[in-house]
Amino acid sequence: MSYFLPENDPVLTAARGLALAHTGMIEVNTSPLYLRASAPHPDRGVGLVSGGGSGHEPLHTGLLGRGGLDAVCPGEIFASPHNRQIYEASVAAAKSDGVLHIVKNYTGDVINFQIAAERLRHDGIPVATVLVDDDLSTDSTDSATGRRGTAATVVVEKLLGAAADQGATLEELADLGRRIVSRSRSIAVAARAHTSPTTVSPAFTLSPDTLDYGVGIHGERGTCTIARPAVGDLVRRMTDDLLEALPEGPGEVLALVNGLGATTELELHSLSVLWNDELTSRSVRPVHVVAGTYTSALDMAGFSLTLTRLEEGWSDLWTAPTLTPLVLPRPALTPEHSAPAPQLPTDAPARTPRTDGSRTLLDRYALTVTQVRDNLTHLDQLVGDGDFGDNLAGGVRRAVKLADESTPDGMTALADAFLNDVGGTSGPLFGLLFQHLATASPSNDQPPSLAALADATEAGLAAIHRVGGARPGDCTLVDALAPAAEALAASAQDPAAEAPLTEAAQAAIRGALATASLRPRRGRASYVGDRALGVPDPGALAVALLFMALADIHEPATAPRLPAPGYITLH
C-alpha cells in the first residue's frame with residue numbers, strides 16, 4: 001500500500017535512499033533529478049539513458065550500473081520526467097560515441113525524450129532512441145499512439161547494457177534494441193488496482209470473482225473484465241494471446257513473469273512453472289524463465305507475462321555479469337545439464353483403493369471442509385494469521401490422495417497426511433487426534449465401537465495436551481474435543497444411549513461456539529488478547545465438524561438435529 005511515502009519530495013527521497021543502500025555505485029543529482037552510475041564499464045563508447053514515471057520500481061533504477069544503464073531520469077509517480085532531466089542526464093552519461101535513449105511508449109515520455117534529443121543534437125552529441133512498445137493489449141490499428149511500453153523494457157535494458165559493455169556502437173545498439181522490441185510482447189492482468197497515493201484508496205474496484213485483463217502499469221483499466229478463471233486456464237489464455245502476437249521465428253524464448261507490486265514471490269514462481277509447462281507443451285523452448293517483480297504498478301495485485309523470441313547471442317547477453325541494484329536470476333540448467341527425473345519402479349504392485357467406514361468419513365469430512373474453508377480462513381484472519389482454512393483443506397486433500405493410492409483406511413490417511421505433511425500449529429495436533437481415532441476405525445461400513453471410539457478420543461485429547469499444553473478454557477481445539485470425549489465416555493457407560501455420536505457432536509459444537517466468549521491463552525490468538533473476543537476458535541470448529549460428519553454417516557436418523565456446517569462457521 002502507498003501509505004508511507006514522505007509528504008515532500010518522495011521521489012527524490014527514494015532516489016537518495018537507493019544511493020544510500022548502494023554506496024559507491026550510484027550518484028544522485030538533485031536539480032534536475034537524475035541518477036548516474038558511478039563506475040561505468042571502461043569499454044563503453046555509448047551511454048545508455050532511460051527513465052519514466054516513478055512507481056514502477058525496480059524498473060530503470062534497478063538496472064543502473066555496469067551491465068545496465070548509465071543514467072536514469074525518474075519522473076513523479078506515473079508522470080514522465082521533464083526534458084531538462086533527460087538532457088542533463090544524457091550530457092553527464094554521454095560517451096565518445098554519444099548516448100542511446102531507451103523510452104517506454106507513453107506520450108509524455110516520448111515527447112520529453114524527443115525534446116531532449118533535439119537539444120543534444122544541437123550540442124553536437126550523437127543520440128539515438130529505442131522505443132519499447134510490447135503491450136499487446138494496446139495493439140490496435142485504430143490507435144496512432146501504438147502499443148504501450150511495459151515489462152519488456154527490462155529485457156531491452158539488460159541486453160543493451162551487456163552489448164554496450166562489449167563496445168557496441170550507437171548504430172549497433174539502436175539496431176539491436178529495435179530488434180529486441182520487435183520480438184517481444186507482454187500482457188498483464190490484475191485482481192486489485194494500485195492504491196492511489198493521493199486518496200489512499202484503490203484506483204478502481206473489482207469484485208472478488210473478476211480480473212481486469214490487459215491492464216497497464218500506470219493503473220490503466222484492462223481492455224476487458226473477465227470472470228476469474230483457474231490460474232492454469234488464465235496462463236493458457238495469456239499464452240494463446242502472446243504466441244498469436246509474437247513474430248514467427250525459432251522456438252527459443254526468454255519468458256519473464258513480472259509482478260505488478262503486490263503479487264508474492266510464492267505466486268510468481270508458481271506461475272513460472274505453469275507457464276513453462278504451457279510453453280513446452282506447444283514446442284516453444286524457454287531458454288530462460290525469470291520470475292520476480294521487475295516492472296511494478298505501485299502495489300497493484302497482478303502480474304504480466306513477457307515473451308522475447310531470442311536471436312543468436314541474445315542468451316549470452318542476458319546472462320552477462322552486472323553490477324546493479326537489481327540482481328537478475330542465474331540462468332536455469334539446460335536440459336543436457338539437468339538432473340534426471342526420478343523413475344518409478346516398473347514392477348511396483350498396483351495399489352487398490354479400499355472403501356470402508358473410515359473412508360466414508362474421510363470423504364464426508366473432505367466435502368465439509370471444502371464447503372467451509374473460506375469461513376474458517378476468515379475467522380483465522382480475525383484472530384491469527386489466516387492460514388487455518390487452507391492448512392486444514394490442504395491436509396484433507398492430501399489424505400484423500402493417500403487413501404486413493406495406498407493407505408489402508410481413511411482415518412489412517414488423515415493421520416499420515418497431518419502428521420507428515422501439514423505444518424503450522426494445528427496440523428500436527430490434528431494428526432495426533434486422527435492417529436488415535438484410527439485405532440477405533442472399523443474395516444467395514446459399520447459404526448465404530450462406542451467404547452473404542454471413546455477411548456481413542458480420550459487418548460487423542462491426552463496426547464494433544466501433552467504436546468501443546470492446552471486445557472479446556474484456553475480457547476483452542478481442546479474446547480471442542482474435551483466435551484466430545486466426555487459425552488462419548490458417558491454414552492459408553494449408558495446402555496440406553498440412543499444417539500451417542502449425535503450427542504458428542506452437539507457437545508463439540510457447544511464447546512466450539514463457546515470459545516467466542518473466551519480470552520485465548522494458547523496459540524496465535526493469544527497475541528491479540530481481547531480483540532479475539534466474539535470470534536470462535538477455528539480449530540475447535542474443525543473438531544466439531546469431524547464429529548458432525550461421524551454422526552451424519554452413522555446416525556442419519558438423529559444427525560438432522562445438528563446445525564449445518566456452514567452455519568456454525570459463519571461469523
# chains A, B, ... in the order shown; residues from 1 in each chain; ligands from 1
call {"tool": "select_by_dssp", "arguments": {"residues": "segment 139-208 of chain A", "states": "strand (DSSP E)", "output": "number ranges by chain"}}
result
A: 184-192
call {"tool": "residues_around", "arguments": {"residues": "segment 80-97 of chain A", "least_positions_apart": "4", "cutoff": "6 Å", "atoms": "only C-alpha atoms", "output": "PyMOL selection string"}}
result
chain A and resi 32+45-47+52-53+70+74-75+108-109+112+116
call {"tool": "closest_residue", "arguments": {"among": "A:Ala193, A:Val289, A:Val369, A:Met300", "to": "Ala262 of chain A", "atoms": "only C-alpha atoms"}}
result
A:Met300
call {"tool": "select_by_dssp", "arguments": {"residues": "segment 164-345 of chain A", "states": "helix (DSSP H, G or I)", "output": "NGL selection string"}}
result
:A and (164-165 or 170-182 or 231-245 or 265-280 or 314-319 or 335-337)
call {"tool": "write_last_selection", "arguments": {"atoms": "C-alpha atoms", "output": "PDB file, in the first residue's frame"}}
result
ATOM      1  CA  ALA A 164      27.334  -1.672 -24.550  1.00  0.00           C
ATOM      2  CA  ASP A 165      29.901  -3.162 -22.163  1.00  0.00           C
ATOM      3  CA  LEU A 170      25.481   3.676 -31.203  1.00  0.00           C
ATOM      4  CA  GLU A 171      24.100   2.352 -34.500  1.00  0.00           C
ATOM      5  CA  GLU A 172      24.623  -1.261 -33.418  1.00  0.00           C
ATOM      6  CA  LEU A 173      22.888  -0.689 -30.096  1.00  0.00           C
ATOM      7  CA  ALA A 174      19.966   1.132 -31.697  1.00  0.00           C
ATOM      8  CA  ASP A 175      19.509  -1.660 -34.232  1.00  0.00           C
ATOM      9  CA  LEU A 176      19.790  -4.361 -31.558  1.00  0.00           C
ATOM     10  CA  GLY A 177      17.290  -2.578 -29.322  1.00  0.00           C
ATOM     11  CA  ARG A 178      14.735  -2.244 -32.100  1.00  0.00           C
ATOM     12  CA  ARG A 179      15.062  -5.936 -32.958  1.00  0.00           C
ATOM     13  CA  ILE A 180      14.559  -6.922 -29.302  1.00  0.00           C
ATOM     14  CA  VAL A 181      11.444  -4.749 -29.090  1.00  0.00           C
ATOM     15  CA  SER A 182      10.041  -6.168 -32.338  1.00  0.00           C
ATOM     16  CA  VAL A 231      -4.875 -19.949 -12.690  1.00  0.00           C
ATOM     17  CA  GLY A 232      -3.859 -22.603 -15.208  1.00  0.00           C
ATOM     18  CA  ASP A 233      -6.655 -21.519 -17.539  1.00  0.00           C
ATOM     19  CA  LEU A 234      -5.603 -17.877 -17.164  1.00  0.00           C
ATOM     20  CA  VAL A 235      -1.978 -18.679 -18.053  1.00  0.00           C
ATOM     21  CA  ARG A 236      -3.222 -20.687 -21.043  1.00  0.00           C
ATOM     22  CA  ARG A 237      -5.293 -17.762 -22.320  1.00  0.00           C
ATOM     23  CA  MET A 238      -2.414 -15.327 -21.890  1.00  0.00           C
ATOM     24  CA  THR A 239      -0.077 -17.725 -23.698  1.00  0.00           C
ATOM     25  CA  ASP A 240      -2.529 -18.021 -26.587  1.00  0.00           C
ATOM     26  CA  ASP A 241      -2.595 -14.243 -26.949  1.00  0.00           C
ATOM     27  CA  LEU A 242       1.178 -13.854 -26.649  1.00  0.00           C
ATOM     28  CA  LEU A 243       2.049 -16.521 -29.196  1.00  0.00           C
ATOM     29  CA  GLU A 244      -0.506 -15.189 -31.634  1.00  0.00           C
ATOM     30  CA  ALA A 245       1.051 -11.706 -31.403  1.00  0.00           C
ATOM     31  CA  GLU A 265       7.125 -14.495  -4.815  1.00  0.00           C
ATOM     32  CA  LEU A 266       5.137 -17.633  -3.975  1.00  0.00           C
ATOM     33  CA  GLU A 267       2.611 -16.757  -6.676  1.00  0.00           C
ATOM     34  CA  LEU A 268       5.157 -15.598  -9.244  1.00  0.00           C
ATOM     35  CA  HIS A 269       7.320 -18.703  -9.007  1.00  0.00           C
ATOM     36  CA  SER A 270       4.238 -20.920  -9.177  1.00  0.00           C
ATOM     37  CA  LEU A 271       3.132 -19.057 -12.282  1.00  0.00           C
ATOM     38  CA  SER A 272       6.561 -19.570 -13.833  1.00  0.00           C
ATOM     39  CA  VAL A 273       6.175 -23.350 -13.582  1.00  0.00           C
ATOM     40  CA  LEU A 274       2.685 -23.279 -15.081  1.00  0.00           C
ATOM     41  CA  TRP A 275       3.894 -21.054 -17.895  1.00  0.00           C
ATOM     42  CA  ASN A 276       6.998 -23.118 -18.583  1.00  0.00           C
ATOM     43  CA  ASP A 277       4.821 -26.233 -18.877  1.00  0.00           C
ATOM     44  CA  GLU A 278       2.362 -24.406 -21.122  1.00  0.00           C
ATOM     45  CA  LEU A 279       5.108 -23.212 -23.458  1.00  0.00           C
ATOM     46  CA  THR A 280       6.947 -26.518 -23.679  1.00  0.00           C
ATOM     47  CA  TRP A 314      20.981 -12.815 -27.017  1.00  0.00           C
ATOM     48  CA  SER A 315      21.017 -15.533 -24.374  1.00  0.00           C
ATOM     49  CA  ASP A 316      24.683 -14.736 -23.658  1.00  0.00           C
ATOM     50  CA  LEU A 317      23.819 -11.047 -23.302  1.00  0.00           C
ATOM     51  CA  TRP A 318      21.091 -11.935 -20.808  1.00  0.00           C
ATOM     52  CA  THR A 319      23.492 -13.947 -18.646  1.00  0.00           C
ATOM     53  CA  PRO A 335      18.202 -29.958 -20.410  1.00  0.00           C
ATOM     54  CA  GLU A 336      21.523 -31.688 -21.044  1.00  0.00           C
ATOM     55  CA  HIS A 337      22.797 -30.486 -17.657  1.00  0.00           C
TER      56      HIS A 337
END
call {"tool": "residues_around", "arguments": {"residues": "Glu486 of chain A", "least_positions_apart": "3", "cutoff": "12 Å", "atoms": "only C-alpha atoms", "output": "PyMOL selection string"}}
result
chain A and resi 453-459+461+472+478-483+489-493+500-501+503-508+511
call {"tool": "residues_around", "arguments": {"residues": "Asp139 of chain A", "least_positions_apart": "3", "cutoff": "12 Å", "atoms": "only C-alpha atoms", "output": "PyMOL selection string"}}
result
chain A and resi 133-136+142-149+185-187+214+223+241-242+244-246
call {"tool": "atom_distance", "arguments": {"atom1": "atom CA of Leu69 of chain A", "atom2": "atom CA of His288 of chain A"}}
result
21.6 Å
call {"tool": "atom_distance", "arguments": {"atom1": "atom CA of Val467 of chain A", "atom2": "atom CA of Ala413 of chain A"}}
result
21.3 Å
call {"tool": "decode", "arguments": {"residues": "segment 29-51 of chain A", "atoms": "N, CA and C atoms", "output": "compact mmCIF listing (two decimals), in the first residue's frame"}}
result
# COMPACT_ATOMS: atom_id res chain seq x y z
N ASN A 29 21.93 13.33 -8.69
CA ASN A 29 21.92 14.76 -8.99
C ASN A 29 20.53 15.28 -8.63
N THR A 30 20.49 16.31 -7.82
CA THR A 30 19.20 16.71 -7.26
C THR A 30 18.46 17.75 -8.08
N SER A 31 19.17 18.57 -8.87
CA SER A 31 18.48 19.63 -9.60
C SER A 31 19.14 19.84 -10.96
N PRO A 32 18.53 19.27 -12.00
CA PRO A 32 17.33 18.43 -12.00
C PRO A 32 17.67 17.03 -11.52
N LEU A 33 16.64 16.29 -11.17
CA LEU A 33 16.85 14.97 -10.58
C LEU A 33 17.20 13.94 -11.64
N TYR A 34 18.33 13.29 -11.47
CA TYR A 34 18.64 12.07 -12.20
C TYR A 34 19.66 11.28 -11.40
N LEU A 35 19.74 10.00 -11.68
CA LEU A 35 20.70 9.11 -11.01
C LEU A 35 21.71 8.64 -12.05
N ARG A 36 22.95 8.52 -11.64
CA ARG A 36 24.03 8.19 -12.56
C ARG A 36 24.88 7.08 -11.97
N ALA A 37 25.30 6.14 -12.81
CA ALA A 37 26.21 5.07 -12.39
C ALA A 37 27.58 5.67 -12.10
N SER A 38 28.13 5.34 -10.94
CA SER A 38 29.40 5.95 -10.53
C SER A 38 30.59 5.38 -11.27
N ALA A 39 30.52 4.10 -11.67
CA ALA A 39 31.68 3.46 -12.28
C ALA A 39 31.25 2.64 -13.50
N PRO A 40 30.94 3.30 -14.62
CA PRO A 40 30.52 2.55 -15.81
C PRO A 40 31.67 1.72 -16.37
N HIS A 41 31.31 0.76 -17.20
CA HIS A 41 32.32 -0.12 -17.79
C HIS A 41 33.28 0.69 -18.66
N PRO A 42 34.59 0.51 -18.52
CA PRO A 42 35.55 1.33 -19.29
C PRO A 42 35.51 1.10 -20.79
N ASP A 43 34.95 -0.02 -21.26
CA ASP A 43 34.91 -0.30 -22.69
C ASP A 43 33.71 0.31 -23.39
N ARG A 44 32.87 1.01 -22.65
CA ARG A 44 31.68 1.59 -23.28
C ARG A 44 32.04 2.81 -24.12
N GLY A 45 31.44 2.84 -25.32
CA GLY A 45 31.56 4.02 -26.15
C GLY A 45 30.26 4.79 -26.24
N VAL A 46 29.18 4.21 -25.68
CA VAL A 46 27.85 4.81 -25.73
C VAL A 46 27.25 4.79 -24.33
N GLY A 47 26.67 5.90 -23.92
CA GLY A 47 25.95 5.96 -22.65
C GLY A 47 24.50 5.57 -22.85
N LEU A 48 23.97 4.76 -21.94
CA LEU A 48 22.57 4.34 -22.01
C LEU A 48 21.76 5.11 -20.97
N VAL A 49 20.70 5.76 -21.42
CA VAL A 49 19.87 6.57 -20.53
C VAL A 49 18.41 6.13 -20.69
N SER A 50 17.73 5.96 -19.57
CA SER A 50 16.31 5.64 -19.59
C SER A 50 15.63 6.39 -18.47
N GLY A 51 14.35 6.14 -18.31
CA GLY A 51 13.60 6.81 -17.26
C GLY A 51 12.12 6.77 -17.56
